[in-house]
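Before any comments, here is the structure.
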Amino acid sequence: MMDNHTLTLVVADAALIAPGLRRVHLRAADGARLPPAAPGAHITLSLPGADGARPLRNSYTLVSADPEHGYELIVRRADRSRGGSRHIHEALAPGDVIDATVPHNLFALHSQAKKHLLIGGGIGITPLLAFVARLRETGAPFELHQIASADEIGVFAALLAPRAGEQVHIHGGRTSLDLPALLAAQPLGTHVYTCGPAGLMDHVEAAAAGLGWPSSHVHREDFGAAGGEPFVLRLAASDIEIAVAGDQTMLEAIEAAGIDTPSLCRGGACGVCILPVRQGEPEHRDHFLSEAERAQGCHVMPCVSRSRSALLVLDI
Amino acid sequence: MATRFKPDETFRDDFRYGNSETAILRFPFPFGEDAYMYGVNMEPHTRPGSAGVFAVGFDVDEHYVAECAERAKVLALEPGRCLVLPHMREAEWDTLELIMESLAADYPDQFTLERDGLDWTWTNRPLGIHHTFRFGDATTLPHPPFEYIVRQAQGDFTLQDQRDGTLYIDGGVATVPADWSLAFDVGMTFHEWHGPVPLAHQAGVFDRALQYLMRVRYGHPARRLNWTMTINPRLDTSPENYPLWGPDRASLTAETIGDRLFLRVELQSFFRLPRSNALLFGIRTYLASLNELTRVPKWGRRLHRVMRDLHPDIAEYKGLTRYRELLVAYLAQFDDGAPTAPGITPDCAALSD
């Protein structure tokens with residue numbers, strides 16, 4: 001159970017809750033329990049790409065997660081969808097089976113916060129809904145400020161209605177919330193969590209920094225940098241070209257090509273899988289190479305790093 | 001093959017302890033080459049194709065029943081060996097669930113977990129436990145949830161809260177510690193509690209290890225091996241009890257060292273906990289005497305070379321200095337100078353006598 005990296009889920013229910021917002025309930029396809037998840041966790045769904053292209057991997061925050069009753073997502077239809085949110089809005093139906101990763105949390109509540117200040121923008125409300133449920137349970141002090149465009153105030157008011165209370169505020173448009181004033185009014189020991197458009201999250205971070213908040217007290221939604229653009233790997237010594245897919249690591253691609261190369265931690269820390277670079281520009285994501293070594297561009301850790309250039313040539 | 005437990009083993013006083021041939025052959029020998037230096041030696045745990053002690057999340061071996069009895073003994077004498085800070089309550093239930101799920105899945109003949117909503121029934125046949133309780137309600141268990149489940153597991157455990165870009169050791173149980181104190185370390189950051197380790201900080205080992213650990217994901221546990229040596233098969237080598245075991249270091253002789261000196265290996269495992277986002281460290285201790293280990297020719301040769309060439313700062317930190325000369329002289333008889341194959345496996349089907 002704990003080593004099943006992929007969950008096979010079935011759509012139990014999918015309903016439009018407002019224009020452009022669809023709520024999806026997922027359960028285990030085999031009826032078994034699902035892994036529990038902390039508020040702030042997300043899963044990555046494998047969705048059919050547009051026009052039969054290869055599957056898209058989209059991450060969605062869990063609005064609620066219960067091992068027996070399943071996972072709840074709210075998906076906004078993206079204006080310029082690569083096909084993922086369009087599929088969820090136009091095609092997804094109860095009974096559909098979807099592969100997903102187990103939940104992963106990069107946006108956790110801080111255990112020592114004296115107060116939690118939640119600032120959401122648009123669909124960025126999803127992790128905050130999970131936070132509010134938890135904070136209500138534990139009785140921890142919190143305040144939620146949700147920013148919505150003027151025509152969507154009703155939508156978010158309806159979403160928040162089950163969680164309404166004096167701590168919950170909805171603002172029409174970003175200019176209607178004075179962020180520096182809100183942050184300045186918080187008691188010492190407050191942690192702020194923000195999720196929404198990058199501009200809003202940057203604004204929260206800048207306002208907090210401007211008031212002297214420690215960066216450890218400022219949290220923003222993050223799905224992590226798993227995967228990236230596909231690229232081609234050429235192994236010069238063995239004269240082989242390998243396509244590295246967007247959701248595959250360089251190391252996995254090399255192994256899939258039947259080439260035995262040493263590795264240990266597979267997380268960019270131990271240094272065992274280091275490979276020499278002959279040509280191309282690595283995108284370093286490891287914790288092993290120093291800044292100076294990165295600048296030289298002579299080595300890469302294929303377990304986590306990728307390539308900025310379309311072609312990366314390795315000396316193996 | 002069903003494990004035959006050895007409930008009469010003891011880890012103190014009369015030291016009734018030994019490894020079967022099966023246990024020796026699956027011993028997690030920590031040296032993959034003929035030299036030892038600190039490094040970031042973490043790797044994925046329980047990957048498909050893993051064997052022996054690496055195949056399951058929590059290994060249960062022939063010493064299980066006796067080690068659980070030893071833990072109960074230490075906790076009766078010193079209840080403070082199990083400490084969990086109040087903000088880790090959810091991590092306690094996470095730990096209980098993880099260990100129960102793992103044991104029930106990996107050893108279905110010995111352990112069973114039945115769940116009906118929040119009403120759970122746990123059966124532990126080796127210890128004769130059959131218990132119905134309500135998940136999340138600590139009043140339905142005889143001990144707090146973390147203590148309840150670690151009393152039924154081998155090895156020590158610590159609970160790390162992840163915040164402020166580091167890990168805080170905010171709970172755990174340490175009845176099998178290799179000379180470290182949970183009461184002293186509790187609340188410290190990752191770099192603080194590793195402060196005393198020589199050489200590794202300068203090499204950046206802890207910086208890289210911390211980055212790796214903070215990225216350990218639910219369902220993707222990691223592990224590493226660590227080692228030291230202990231005189232007699234004594235599991236509880238705590239700083240609190242140093243007067244009981246410290247003097248043993250001066251008691252070894254050429255005649256007794258083979259039977260009385262034990263390689264002490266920690267299989268350290270790292271699990272992300274789903275509800276709390278905390279990180280569980282398992283510190284599972286395996287003990288084997290020199291005379292048991294040297295029945296594997298490769299291990300005998302390698303142990304000699306590693307101990308002979310060990311950096312003096314590491315030898316001092318691990319408490320070997322007092323008897324190291326005696327140790328190396330004793331091991332020399334097992335080293336014929338032949339080359340050793342890389343890796344930790346015994347590379348022999350049967351043991352020499």
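By order of appearance in the structure tokens: chains A, B, ..., then residues from 1 within every chain, and ligands from 1 in the order shown.
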Checklist entry - Among range 87-280 of chain A, which residues carry a DSSP assignment of strand (DSSP E or B), reported as number ranges by chain? => result A: 97-101, 104-105, 115-121, 142-148, 168-172, 190-195, 218-220, 231-235, 240-244, 275-279
Checklist entry - Quick one: residues within 10 Å of range 227-244 of chain A, only C-alpha atoms counted, chain neighbours fewer than 4 positions away excluded, as a PyMOL selection string? => result chain A and resi 57+248-254+256-257+259+277-280+304-316
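Between CA of Ser181 in chain B and CA of Phe58 in chain B lies a distance of 22.8 Å.
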Item to check | Contact residues around Glu70 in chain B with only C-alpha atoms at 10 Å, ignoring same-chain residues under 2 positions, as a list of chain:residue names | outcome: B:Glu9, B:Thr10, B:Phe11, B:Arg12, B:Tyr64, B:Val65, B:Ala66, B:Glu67, B:Cys68, B:Ala72, B:Lys73, B:Val74, B:Leu75, B:Ala76, B:Arg151, B:Gln154, B:Thr175, B:Val176, B:Leu235, B:Asp236
All heavy atoms of the current selection, written as a compact mmCIF listing (two decimals), in the first residue's frame:
# COMPACT_ATOMS: atom_id res chain seq x y z
N GLU B 9 15.57 -14.54 24.80
CA GLU B 9 16.79 -13.75 24.67
C GLU B 9 16.77 -12.56 25.62
O GLU B 9 15.71 -12.00 25.92
CB GLU B 9 16.94 -13.24 23.23
CG GLU B 9 17.29 -14.36 22.26
CD GLU B 9 17.63 -13.83 20.88
OE1 GLU B 9 17.02 -12.83 20.46
OE2 GLU B 9 18.51 -14.40 20.23
N THR B 10 17.95 -12.16 26.08
CA THR B 10 18.05 -10.97 26.95
C THR B 10 19.17 -10.07 26.44
O THR B 10 20.13 -10.55 25.80
CB THR B 10 18.35 -11.36 28.41
OG1 THR B 10 19.55 -12.14 28.42
CG2 THR B 10 17.21 -12.14 29.02
N PHE B 11 19.04 -8.80 26.71
CA PHE B 11 20.00 -7.80 26.22
C PHE B 11 20.65 -7.07 27.38
O PHE B 11 21.13 -5.95 27.24
CB PHE B 11 19.25 -6.82 25.30
CG PHE B 11 18.52 -7.52 24.19
CD1 PHE B 11 17.19 -7.92 24.35
CD2 PHE B 11 19.17 -7.82 23.01
CE1 PHE B 11 16.54 -8.59 23.32
CE2 PHE B 11 18.52 -8.48 21.98
CZ PHE B 11 17.19 -8.87 22.14
N ARG B 12 20.64 -7.69 28.55
CA ARG B 12 21.24 -7.13 29.77
C ARG B 12 21.51 -8.30 30.72
O ARG B 12 21.11 -9.42 30.44
CB ARG B 12 20.29 -6.12 30.42
CG ARG B 12 18.92 -6.73 30.72
CD ARG B 12 17.96 -5.72 31.35
NE ARG B 12 17.64 -4.65 30.41
CZ ARG B 12 17.55 -3.36 30.78
NH1 ARG B 12 17.77 -3.01 32.04
NH2 ARG B 12 17.24 -2.45 29.90
N TYR B 64 12.31 -10.38 17.54
CA TYR B 64 11.17 -9.46 17.73
C TYR B 64 10.57 -9.53 19.14
O TYR B 64 10.45 -8.51 19.83
CB TYR B 64 10.10 -9.75 16.69
CG TYR B 64 8.81 -8.97 16.86
CD1 TYR B 64 8.75 -7.62 16.50
CD2 TYR B 64 7.67 -9.57 17.40
CE1 TYR B 64 7.58 -6.90 16.67
CE2 TYR B 64 6.49 -8.84 17.55
CZ TYR B 64 6.45 -7.51 17.19
OH TYR B 64 5.29 -6.80 17.37
N VAL B 65 10.20 -10.71 19.57
CA VAL B 65 9.49 -10.83 20.86
C VAL B 65 10.40 -10.39 22.00
O VAL B 65 9.98 -9.63 22.91
CB VAL B 65 8.99 -12.28 21.06
CG1 VAL B 65 8.41 -12.46 22.46
CG2 VAL B 65 7.93 -12.61 20.00
N ALA B 66 11.66 -10.80 21.96
CA ALA B 66 12.60 -10.44 23.04
C ALA B 66 12.89 -8.93 23.04
O ALA B 66 13.00 -8.32 24.11
CB ALA B 66 13.89 -11.24 22.88
N GLU B 67 12.99 -8.34 21.85
CA GLU B 67 13.26 -6.89 21.80
C GLU B 67 12.07 -6.09 22.31
O GLU B 67 12.24 -5.04 22.94
CB GLU B 67 13.66 -6.47 20.37
CG GLU B 67 15.06 -6.92 20.00
CD GLU B 67 15.55 -6.34 18.66
OE1 GLU B 67 15.10 -5.24 18.29
OE2 GLU B 67 16.37 -7.00 18.02
N CYS B 68 10.86 -6.56 22.04
CA CYS B 68 9.68 -5.85 22.57
C CYS B 68 9.65 -5.95 24.10
O CYS B 68 9.25 -5.00 24.78
CB CYS B 68 8.40 -6.40 21.95
SG CYS B 68 8.22 -5.99 20.19
N ALA B 72 9.78 -2.83 26.84
CA ALA B 72 8.84 -2.68 27.96
C ALA B 72 9.60 -2.52 29.28
O ALA B 72 9.22 -1.72 30.14
CB ALA B 72 7.91 -3.89 28.01
N LYS B 73 10.71 -3.26 29.40
CA LYS B 73 11.53 -3.19 30.62
C LYS B 73 12.10 -1.78 30.79
O LYS B 73 12.06 -1.20 31.87
CB LYS B 73 12.65 -4.23 30.50
CG LYS B 73 13.07 -4.88 31.78
CD LYS B 73 14.08 -6.01 31.52
CE LYS B 73 13.39 -7.32 31.18
NZ LYS B 73 14.33 -8.42 30.90
N VAL B 74 12.67 -1.23 29.72
CA VAL B 74 13.28 0.10 29.81
C VAL B 74 12.21 1.16 30.11
O VAL B 74 12.41 2.04 30.95
CB VAL B 74 14.04 0.46 28.52
CG1 VAL B 74 14.60 1.88 28.60
CG2 VAL B 74 15.16 -0.54 28.25
N LEU B 75 11.06 1.05 29.44
CA LEU B 75 10.02 2.06 29.66
C LEU B 75 9.46 1.97 31.08
O LEU B 75 9.03 2.98 31.64
CB LEU B 75 8.91 1.91 28.62
CG LEU B 75 9.29 2.37 27.20
CD1 LEU B 75 8.17 2.05 26.21
CD2 LEU B 75 9.62 3.87 27.17
N ALA B 76 9.46 0.77 31.66
CA ALA B 76 8.99 0.64 33.04
C ALA B 76 9.97 1.33 33.99
O ALA B 76 9.56 1.98 34.96
CB ALA B 76 8.84 -0.83 33.40
N ARG B 151 5.88 0.11 21.09
CA ARG B 151 6.08 -1.03 22.00
C ARG B 151 5.95 -2.36 21.27
O ARG B 151 6.29 -3.40 21.81
CB ARG B 151 5.05 -0.98 23.14
CG ARG B 151 5.38 0.01 24.25
CD ARG B 151 4.23 0.07 25.24
NE ARG B 151 4.53 0.89 26.40
CZ ARG B 151 5.04 0.41 27.55
NH1 ARG B 151 5.29 -0.88 27.66
NH2 ARG B 151 5.30 1.21 28.55
N GLN B 154 10.47 -3.26 16.61
CA GLN B 154 11.89 -3.30 16.97
C GLN B 154 12.56 -1.99 16.58
O GLN B 154 12.22 -1.37 15.57
CB GLN B 154 12.56 -4.46 16.22
CG GLN B 154 12.13 -5.83 16.70
CD GLN B 154 12.61 -6.93 15.77
OE1 GLN B 154 11.92 -7.28 14.82
NE2 GLN B 154 13.79 -7.48 16.03
N THR B 175 14.86 3.52 23.48
CA THR B 175 15.27 2.52 24.47
C THR B 175 16.43 1.67 23.95
O THR B 175 16.92 0.81 24.63
CB THR B 175 14.10 1.58 24.83
OG1 THR B 175 13.76 0.79 23.70
CG2 THR B 175 12.88 2.37 25.30
N VAL B 176 16.81 1.92 22.67
CA VAL B 176 17.88 1.15 22.02
C VAL B 176 18.92 2.13 21.47
O VAL B 176 19.40 1.96 20.36
CB VAL B 176 17.29 0.33 20.84
CG1 VAL B 176 18.27 -0.71 20.33
CG2 VAL B 176 15.98 -0.34 21.21
N LEU B 235 21.35 -3.63 24.08
CA LEU B 235 20.62 -2.69 23.24
C LEU B 235 20.59 -1.30 23.85
O LEU B 235 20.71 -0.29 23.15
CB LEU B 235 19.19 -3.20 22.99
CG LEU B 235 19.07 -4.36 21.99
CD1 LEU B 235 17.63 -4.86 21.95
CD2 LEU B 235 19.51 -3.93 20.60
N ASP B 236 20.40 -1.24 25.17
CA ASP B 236 20.26 0.07 25.81
C ASP B 236 21.62 0.65 26.20
O ASP B 236 22.04 0.55 27.34
CB ASP B 236 19.34 -0.03 27.03
CG ASP B 236 19.15 1.33 27.71
OD1 ASP B 236 19.45 2.36 27.06
OD2 ASP B 236 18.71 1.35 28.87
Item to check | Polymer residues at most 12 Å from Glu114 in chain B, only C-alpha atoms, same-chain spacing of 4 or more positions, as a count of residues only | outcome: 20
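Distance-wise, CA of Gln112 in chain A and CA of Ser216 in chain A end up 11.3 Å apart.
Residues in contact with range 300-304 of chain B at 8 Å, where only C-alpha atoms are counted and same-chain residues fewer than 4 positions away are skipped, are listed as Phe31, Glu33, Asp34, Leu293, Thr294, Arg295, Val296, Arg308, Val328, Leu331, Ala332, Phe334, Asp335, Asp336, Gly337, Ala338 and Thr340 of chain B.
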Item to check | Selection: 12 Å around range 2-7 of chain B, only C-alpha atoms, excl. self and same-chain fewer than 6 positions, as an MDAnalysis selection string | outcome: chainID B and resid 16:20 22:23 59:70 107:110 125:127
